[in-house]
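Enquirer: My file is upload33.tsv. It has TSV, C-alpha atoms and all ligand atoms:
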```tsv
chain	number	residue	atom	x	y	z
A	2	MET	CA	83.31	103.92	123.43
A	3	LEU	CA	86.09	106.42	122.79
A	4	LEU	CA	86.93	107.40	119.23
A	5	MET	CA	90.31	107.66	117.57
A	6	LYS	CA	90.58	111.46	117.12
A	7	ASP	CA	94.02	112.44	118.36
A	8	PHE	CA	96.67	110.45	116.54
A	9	LYS	CA	99.79	112.09	117.96
A	10	ASP	CA	102.23	109.52	119.42
A	11	LYS	CA	99.79	106.66	118.78
A	12	VAL	CA	101.36	103.59	117.17
A	13	MET	CA	100.15	102.37	113.78
A	14	PHE	CA	100.96	98.86	112.53
A	15	LEU	CA	100.51	98.87	108.75
A	16	THR	CA	100.96	96.10	106.17
A	17	GLY	CA	101.37	96.88	102.47
A	18	ALA	CA	103.18	100.15	103.23
A	19	ALA	CA	105.45	100.11	100.18
A	20	HIS	CA	103.00	101.17	97.48
A	21	GLY	CA	99.56	102.58	96.76
A	22	PHE	CA	97.11	102.97	99.65
A	23	GLY	CA	99.70	101.89	102.22
A	24	ARG	CA	102.17	104.54	101.17
A	25	VAL	CA	99.66	107.42	101.26
A	26	ILE	CA	98.25	106.23	104.59
A	27	ALA	CA	101.79	106.15	106.05
A	28	ILE	CA	102.46	109.70	104.81
A	29	GLU	CA	99.21	111.00	106.36
A	30	ALA	CA	99.86	109.15	109.64
A	31	ALA	CA	103.36	110.69	109.84
A	32	LYS	CA	101.87	114.17	109.28
A	33	ARG	CA	99.57	113.51	112.23
A	34	GLY	CA	102.52	112.66	114.48
A	35	MET	CA	101.94	108.90	114.71
A	36	LYS	CA	104.69	106.38	115.40
A	37	LEU	CA	104.83	104.00	112.48
A	38	ALA	CA	105.51	100.27	112.17
A	39	LEU	CA	105.54	99.57	108.43
A	40	PHE	CA	105.77	96.19	106.72
A	41	ASP	CA	105.83	94.96	103.14
A	42	ILE	CA	107.27	92.21	100.99
A	43	ASP	CA	108.87	94.80	98.66
A	44	GLU	CA	111.81	96.09	100.69
A	45	PRO	CA	113.27	98.64	98.18
A	46	ALA	CA	109.85	100.29	97.70
A	47	LEU	CA	109.26	100.22	101.47
A	48	LYS	CA	112.49	102.20	101.89
A	49	GLU	CA	111.16	104.72	99.35
A	50	THR	CA	108.02	105.13	101.48
A	51	VAL	CA	110.13	105.69	104.61
A	52	ALA	CA	112.15	108.35	102.77
A	53	LEU	CA	108.90	110.31	102.31
A	54	LEU	CA	108.07	110.39	106.03
A	55	GLY	CA	110.32	113.25	107.20
A	56	ASP	CA	111.45	112.86	110.79
A	57	ALA	CA	108.63	110.51	111.87
A	58	ASP	CA	109.52	107.75	114.33
A	59	VAL	CA	109.47	104.71	112.02
A	60	LEU	CA	110.16	101.00	112.28
A	61	SER	CA	110.15	99.38	108.84
A	62	LYS	CA	110.90	95.79	107.98
A	63	LYS	CA	110.42	93.35	105.17
A	64	ALA	CA	107.64	90.89	105.99
A	65	ASP	CA	105.73	88.45	103.80
A	66	VAL	CA	102.21	88.50	105.23
A	67	THR	CA	101.41	85.06	103.78
A	68	LYS	CA	103.62	83.65	106.55
A	69	GLU	CA	102.29	83.69	110.10
A	70	SER	CA	105.86	83.51	111.47
A	71	GLU	CA	106.86	86.72	109.63
A	72	VAL	CA	103.69	88.52	110.79
A	73	ASN	CA	104.37	87.44	114.37
A	74	ALA	CA	107.98	88.65	114.10
A	75	ALA	CA	106.71	92.02	112.79
A	76	ILE	CA	104.33	92.34	115.75
A	77	ASP	CA	107.07	91.38	118.22
A	78	ALA	CA	109.44	93.94	116.66
A	79	THR	CA	106.75	96.63	116.95
A	80	MET	CA	106.11	95.86	120.61
A	81	ALA	CA	109.86	95.79	121.33
A	82	ARG	CA	110.30	99.20	119.69
A	83	PHE	CA	107.13	101.06	120.73
A	84	GLY	CA	105.60	98.98	123.56
A	85	GLN	CA	102.04	99.34	122.23
A	86	ILE	CA	99.85	99.14	119.11
A	87	ASP	CA	96.89	101.55	118.85
A	88	LEU	CA	95.92	101.27	115.20
A	89	LEU	CA	96.17	98.19	112.99
A	90	ILE	CA	95.69	98.70	109.26
A	91	ASN	CA	95.66	95.52	107.18
A	92	ASP	CA	96.28	96.90	103.71
A	93	ALA	CA	98.57	94.38	101.95
A	94	GLY	CA	96.75	92.89	99.03
A	95	ILE	CA	97.06	91.41	95.56
A	96	ALA	CA	94.70	91.02	92.60
A	97	LEU	CA	94.63	87.82	90.57
A	98	PRO	CA	92.12	87.76	87.73
A	99	GLY	CA	91.24	84.43	86.13
A	100	ARG	CA	88.24	82.15	85.90
A	101	MET	CA	87.45	79.84	88.79
A	102	TRP	CA	88.38	76.70	86.86
A	103	GLU	CA	91.47	78.15	85.13
A	104	LEU	CA	93.32	79.90	87.97
A	105	PRO	CA	95.86	77.44	89.45
A	106	VAL	CA	95.23	76.28	93.02
A	107	ARG	CA	98.55	77.84	94.05
A	108	ASP	CA	97.18	81.24	92.96
A	109	TRP	CA	93.97	80.64	94.94
A	110	GLU	CA	96.09	79.86	97.98
A	111	TRP	CA	98.36	82.85	97.40
A	112	ILE	CA	95.54	85.39	97.16
A	113	LEU	CA	93.62	83.95	100.10
A	114	HIS	CA	96.79	84.15	102.19
A	115	VAL	CA	97.70	87.73	101.25
A	116	ASN	CA	94.19	89.21	101.27
A	117	THR	CA	92.52	87.20	104.02
A	118	MET	CA	94.80	85.03	106.16
A	119	SER	CA	97.20	87.94	106.74
A	120	GLN	CA	94.31	89.81	108.39
A	121	VAL	CA	93.65	86.75	110.55
A	122	TYR	CA	97.32	86.51	111.55
A	123	THR	CA	97.57	90.17	112.60
A	124	MET	CA	94.19	90.37	114.38
A	125	ARG	CA	94.66	87.10	116.28
A	126	LYS	CA	97.77	88.52	117.88
A	127	ILE	CA	97.08	92.27	118.02
A	128	ILE	CA	93.53	92.13	119.48
A	129	PRO	CA	94.81	90.49	122.71
A	130	ILE	CA	97.56	93.14	122.86
A	131	MET	CA	94.97	95.93	122.51
A	132	LEU	CA	92.70	94.33	125.13
A	133	LYS	CA	95.59	94.06	127.57
A	134	GLN	CA	96.69	97.66	126.99
A	135	LYS	CA	93.28	98.91	128.19
A	136	THR	CA	93.68	101.91	125.85
A	137	HIS	CA	91.44	102.74	122.92
A	138	GLY	CA	92.28	100.75	119.77
A	139	ALA	CA	91.24	100.74	116.13
A	140	ILE	CA	91.45	98.12	113.40
A	141	LEU	CA	90.92	98.86	109.72
A	142	ASN	CA	90.88	96.03	107.21
A	143	VAL	CA	91.23	97.04	103.58
A	144	ALA	CA	88.81	94.83	101.64
A	145	SER	CA	87.23	96.18	98.45
A	146	ILE	CA	83.92	96.92	96.79
A	147	ALA	CA	84.70	93.41	95.47
A	148	GLY	CA	83.86	92.23	99.00
A	149	LEU	CA	80.30	93.53	98.69
A	150	LEU	CA	79.62	92.91	94.99
A	151	ASP	CA	80.53	90.19	92.48
A	152	THR	CA	81.66	90.75	88.93
A	153	PRO	CA	82.85	88.33	86.24
A	154	GLY	CA	86.55	87.60	85.77
A	155	MET	CA	88.03	87.60	89.28
A	156	PRO	CA	86.37	85.04	91.57
A	157	ALA	CA	89.49	84.55	93.73
A	158	TYR	CA	89.71	88.27	94.45
A	159	HIS	CA	86.00	88.32	95.34
A	160	ALA	CA	86.34	85.27	97.60
A	161	SER	CA	89.25	86.87	99.45
A	162	LYS	CA	87.50	90.24	99.85
A	163	PHE	CA	84.07	88.85	100.81
A	164	ALA	CA	85.98	86.89	103.46
A	165	SER	CA	87.68	90.08	104.66
A	166	VAL	CA	84.33	91.87	105.00
A	167	GLY	CA	82.75	88.93	106.85
A	168	LEU	CA	85.79	88.52	109.08
A	169	THR	CA	85.68	92.20	110.05
A	170	GLU	CA	81.91	92.27	110.69
A	171	ALA	CA	81.96	89.07	112.75
A	172	THR	CA	84.97	90.24	114.78
A	173	ALA	CA	83.16	93.52	115.47
A	174	TYR	CA	80.25	91.54	117.00
A	175	ASP	CA	82.58	89.55	119.23
A	176	LEU	CA	84.38	92.69	120.38
A	177	GLN	CA	81.04	94.39	121.13
A	178	ARG	CA	79.90	91.36	123.16
A	179	ILE	CA	82.92	91.64	125.46
A	180	GLY	CA	82.67	95.45	125.66
A	181	ALA	CA	86.10	95.93	124.06
A	182	ASP	CA	87.24	99.49	123.45
A	183	ILE	CA	88.29	98.75	119.87
A	184	GLN	CA	86.67	100.45	116.88
A	185	MET	CA	86.46	98.36	113.70
A	186	HIS	CA	86.41	99.41	110.05
A	187	VAL	CA	86.33	97.72	106.68
A	188	MET	CA	87.34	99.71	103.63
A	189	CYS	CA	85.58	98.84	100.37
A	190	PRO	CA	86.94	101.03	97.56
A	191	GLY	CA	86.20	100.81	93.87
A	192	PHE	CA	89.06	101.00	91.37
A	193	VAL	CA	91.83	103.43	92.31
A	194	GLN	CA	95.07	104.12	90.41
A	195	THR	CA	97.79	102.22	92.30
A	196	ASP	CA	100.37	99.51	91.58
A	197	LEU	CA	97.82	96.76	92.23
A	198	TYR	CA	98.16	95.39	88.68
A	199	HIS	CA	101.86	94.70	89.44
A	200	THR	CA	100.83	91.79	91.65
A	201	GLU	CA	103.20	89.38	89.81
A	202	GLN	CA	106.18	91.36	91.17
A	203	HIS	CA	105.15	90.41	94.72
A	204	ARG	CA	104.78	86.65	94.18
A	205	PRO	CA	106.63	84.79	96.98
A	206	ALA	CA	108.86	81.93	95.78
A	207	ASP	CA	106.69	79.27	97.41
A	208	TYR	CA	103.70	80.33	95.27
A	209	ALA	CA	105.69	80.27	92.00
A	210	ASP	CA	105.87	77.57	89.32
A	211	ALA	CA	107.01	79.10	86.04
A	212	SER	CA	106.77	75.68	84.35
A	213	ASP	CA	102.95	75.72	84.66
A	214	PRO	CA	101.62	76.40	81.12
A	215	TYR	CA	98.86	78.56	82.66
A	216	TYR	CA	101.32	81.47	82.88
A	217	GLN	CA	101.81	81.39	79.10
A	218	SER	CA	98.10	80.93	78.34
A	219	GLU	CA	95.80	83.44	76.73
A	220	ALA	CA	93.59	83.32	79.84
A	221	TYR	CA	96.51	84.48	81.99
A	222	LEU	CA	97.60	87.23	79.58
A	223	LYS	CA	94.02	88.48	79.24
A	224	GLY	CA	93.70	88.56	83.02
A	225	GLN	CA	96.86	90.65	83.32
A	226	GLN	CA	95.54	93.10	80.69
A	227	PHE	CA	92.17	93.24	82.48
A	228	ALA	CA	93.82	94.07	85.82
A	229	LYS	CA	95.98	96.77	84.23
A	230	TYR	CA	92.98	98.28	82.45
A	231	VAL	CA	90.70	98.53	85.48
A	232	ILE	CA	93.38	99.86	87.84
A	233	THR	CA	94.86	102.42	85.45
A	234	ASN	CA	91.32	103.64	84.68
A	235	GLY	CA	90.44	103.94	88.36
A	236	THR	CA	90.06	107.19	90.25
A	237	PRO	CA	93.19	109.09	91.40
A	238	ILE	CA	94.58	108.08	94.80
A	239	ASP	CA	94.75	111.63	96.24
A	240	THR	CA	91.67	111.44	98.51
A	241	ILE	CA	92.30	107.94	99.94
A	242	ALA	CA	94.41	108.83	103.00
A	243	ASP	CA	92.02	111.62	103.98
A	244	THR	CA	89.08	109.24	103.63
A	245	VAL	CA	90.80	106.70	105.90
A	246	PHE	CA	91.53	109.21	108.67
A	247	LYS	CA	88.05	110.80	108.49
A	248	ALA	CA	86.54	107.33	108.86
A	249	LEU	CA	88.74	106.65	111.90
A	250	GLU	CA	87.71	110.00	113.43
A	251	ASN	CA	84.01	109.46	112.74
A	252	ASP	CA	83.85	105.71	113.49
A	253	THR	CA	82.59	104.89	109.98
A	254	PHE	CA	82.48	101.09	109.83
A	255	TYR	CA	81.95	100.57	106.07
A	256	ILE	CA	84.31	102.91	104.23
A	257	LEU	CA	82.86	103.29	100.73
A	258	THR	CA	84.71	105.50	98.25
A	259	HIS	CA	82.71	105.01	95.05
A	260	PRO	CA	78.99	105.76	95.69
A	261	GLU	CA	78.16	104.94	92.05
A	262	TYR	CA	78.30	101.24	93.08
A	263	ASN	CA	75.74	101.60	95.89
A	264	PRO	CA	72.75	100.72	93.66
A	265	LEU	CA	74.52	97.47	92.70
A	266	ILE	CA	74.93	96.58	96.40
A	267	THR	CA	71.22	97.20	96.95
A	268	ASP	CA	70.42	95.18	93.83
A	269	ARG	CA	72.50	92.23	95.10
A	270	VAL	CA	70.81	92.22	98.52
A	271	SER	CA	67.41	92.50	96.88
A	272	ARG	CA	68.15	89.43	94.69
A	273	ILE	CA	69.16	87.48	97.80
A	274	VAL	CA	65.96	88.18	99.71
A	275	ASN	CA	63.70	87.92	96.64
A	276	ASN	CA	64.80	84.48	95.50
A	277	GLY	CA	66.84	85.96	92.64
A	278	LYS	CA	70.20	84.87	91.27
A	279	PRO	CA	73.31	86.51	89.82
A	280	ASP	CA	72.62	87.96	86.36
A	281	VAL	CA	75.72	88.80	84.34
A	282	HIS	CA	73.73	91.26	82.20
A	283	VAL	CA	73.58	93.59	85.22
A	284	MET	CA	77.32	93.97	84.66
A	285	ASP	CA	77.02	94.94	80.97
A	286	GLY	CA	78.79	98.25	80.52
A	287	ILE	CA	80.31	98.02	84.00
A	288	MET	CA	82.73	95.07	83.79
B	1	LIG	N1	93.63	99.94	93.81
B	1	LIG	C1	92.37	99.54	93.80
B	1	LIG	O1	91.63	99.76	92.84
B	1	LIG	C2	91.81	98.83	95.00
B	1	LIG	C3	90.41	98.75	95.10
B	1	LIG	C4	89.87	98.09	96.19
B	1	LIG	C5	90.68	97.54	97.15
B	1	LIG	N2	92.03	97.63	97.02
B	1	LIG	C6	92.84	97.01	98.06
B	1	LIG	O2	93.70	97.98	98.62
B	1	LIG	C7	94.84	97.33	99.19
B	1	LIG	C8	96.09	98.05	98.74
B	1	LIG	O3	96.22	97.84	97.34
B	1	LIG	P1	96.81	98.96	96.37
B	1	LIG	O4	95.76	99.22	95.36
B	1	LIG	O5	97.40	100.05	97.12
B	1	LIG	O6	97.90	98.08	95.58
B	1	LIG	P2	99.49	98.13	95.62
B	1	LIG	O7	99.97	96.98	94.83
B	1	LIG	O8	99.92	99.51	95.21
B	1	LIG	O9	99.82	97.91	97.17
B	1	LIG	C9	99.71	96.64	97.77
B	1	LIG	C10	100.89	96.43	98.68
B	1	LIG	O10	100.81	95.11	99.26
B	1	LIG	C11	102.13	94.57	99.26
B	1	LIG	N3	102.13	93.11	99.30
B	1	LIG	C12	101.74	92.25	98.33
B	1	LIG	N4	101.96	90.98	98.72
B	1	LIG	C13	102.50	91.04	99.96
B	1	LIG	C14	102.94	90.06	100.88
B	1	LIG	N5	102.90	88.74	100.59
B	1	LIG	N6	103.44	90.46	102.07
B	1	LIG	C15	103.52	91.80	102.37
B	1	LIG	N7	103.12	92.78	101.53
B	1	LIG	C16	102.61	92.39	100.34
B	1	LIG	C17	102.73	95.09	97.96
B	1	LIG	O11	104.14	94.99	97.92
B	1	LIG	C18	102.22	96.53	97.93
B	1	LIG	O12	103.09	97.40	98.61
B	1	LIG	C19	94.76	95.88	98.75
B	1	LIG	O13	94.24	95.09	99.80
B	1	LIG	C20	93.79	95.92	97.59
B	1	LIG	O14	93.13	94.70	97.38
B	1	LIG	C21	92.61	98.28	95.98
```
Any chance you could put this one into structure tokens?
Expert:
Amino acid sequence: MLLMKDFKDKVMFLTGAAHGFGRVIAIEAAKRGMKLALFDIDEPALKETVALLGDADVLSKKADVTKESEVNAAIDATMARFGQIDLLINDAGIALPGRMWELPVRDWEWILHVNTMSQVYTMRKIIPIMLKQKTHGAILNVASIAGLLDTPGMPAYHASKFASVGLTEATAYDLQRIGADIQMHVMCPGFVQTDLYHTEQHRPADYADASDPYYQSEAYLKGQQFAKYVITNGTPIDTIADTVFKALENDTFYILTHPEYNPLITDRVSRIVNNGKPDVHVMDGIM
């Protein structure tokens, strides 16, 4: 299998390009001479990203990744403009803290659509495009360390990110079975300083119901504070884009950015195979 080493003139399709990881990945891709197809629900911030990309060849459009029709339109627009897609990065994501039994069903559906179903929508359509191109392709799904480890307080985020990890691993098997020239990656970072705690600002109208008392409840307000605390106390974002491109160059499947969590991953696997169970005390001092 070839590796993605030379990025010049390759086409990247990126969701979540307006803020955080997406923005720094777009900047690094532009520096490497890639052609960029950038999508996000936040159009003004997406324009700010584009303004940072110098004279790169860029297609940027508003797209809500919870809607298959908007994802399909984004893919069609990319093919119409560039005629190919070499690198797919599924970065769009939201964080919704809240206990399993308190978080409204609409919020469960929202997070599963942004963090998981959007990756299904893009891959279902872009993998056949890559296979038909007969050129080397790469797909990187941004999951989270929350897709490898559980913690208290955000079961919906964990469910969406465990699904993203499983989806990426299982797709990698199927691509290997057919001998596809597509390298796969799943990124599993710990907390990084981004706008992720601003999730409420990206709530599509069809997932909103301001009359639901949940959004005035203490549980909701505490969840918002929790999200702000963990994200603002995360590590700086400056190494993220470099980490992404090194992983693409080296074919690193699991992209881990916070090695301090590795013992917890080992501990979880050990509990599974040794008839153990989740123990919240393991999280004392961590979450
Ligand atoms: N920051 C962290 O600590 C951290 C840790 C692990 C994983 N992640 C993951 O990294 C990815 C990027 O997050 P970030 O930290 O850069 O946060 P961010 O909020 O800065 O960026 C997320 C982007 O997704 C976009 N988005 C949200 N809903 C959308 C929708 N319906 N359609 C299209 N775009 C939408 C937002 O507008 C934003 O530009 C996410 O998948 C997140 O879960 C972040």
Enquirer: How close does region 180-222 of chain A get to region 52-68 of chain A? List, as a Markdown table, each residue of region 180-222 of chain A within 12 Å, its nearest atom pair and the distance in Å to one decimal, counting only C-alpha atoms.
Expert:
```
| residue | atom | partner | partner_atom | distance |
| --- | --- | --- | --- | --- |
| A:His203 | CA | A:Asp65 | CA | 9.3 |
| A:Arg204 | CA | A:Asp65 | CA | 9.8 |
| A:Pro205 | CA | A:Asp65 | CA | 7.8 |
| A:Ala206 | CA | A:Asp65 | CA | 10.8 |
| A:Asp207 | CA | A:Thr67 | CA | 10.1 |
| A:Tyr208 | CA | A:Thr67 | CA | 10.0 |
```
Enquirer: Throw together the list of residues within 6 Å of ligand LIG 1 (chain B), counting only C-alpha atoms and all ligand atoms, and drop it here as number ranges by chain.
Expert: A: 17-23, 41-43, 64-67, 92-95, 115, 143-145, 190-197, 203, 232
Enquirer: Tell me, in Å to one decimal, how far CA of Leu37 (chain A) is from CA of Trp111 (chain A).
Expert: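 The value is 26.8 Å.
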Enquirer: Using CA of Asp108 (chain A) and CA of Ala96 (chain A) as the two end points, give the distance in Å to one decimal.
Expert: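 Going from CA of Asp108 (chain A) over to CA of Ala96 (chain A) covers 10.1 Å.
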Enquirer: By how many Å are CA of Ala27 (chain A) and CA of Ala209 (chain A) apart?
Expert: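 Between CA of Ala27 (chain A) and CA of Ala209 (chain A) the gap works out to 29.7 Å.
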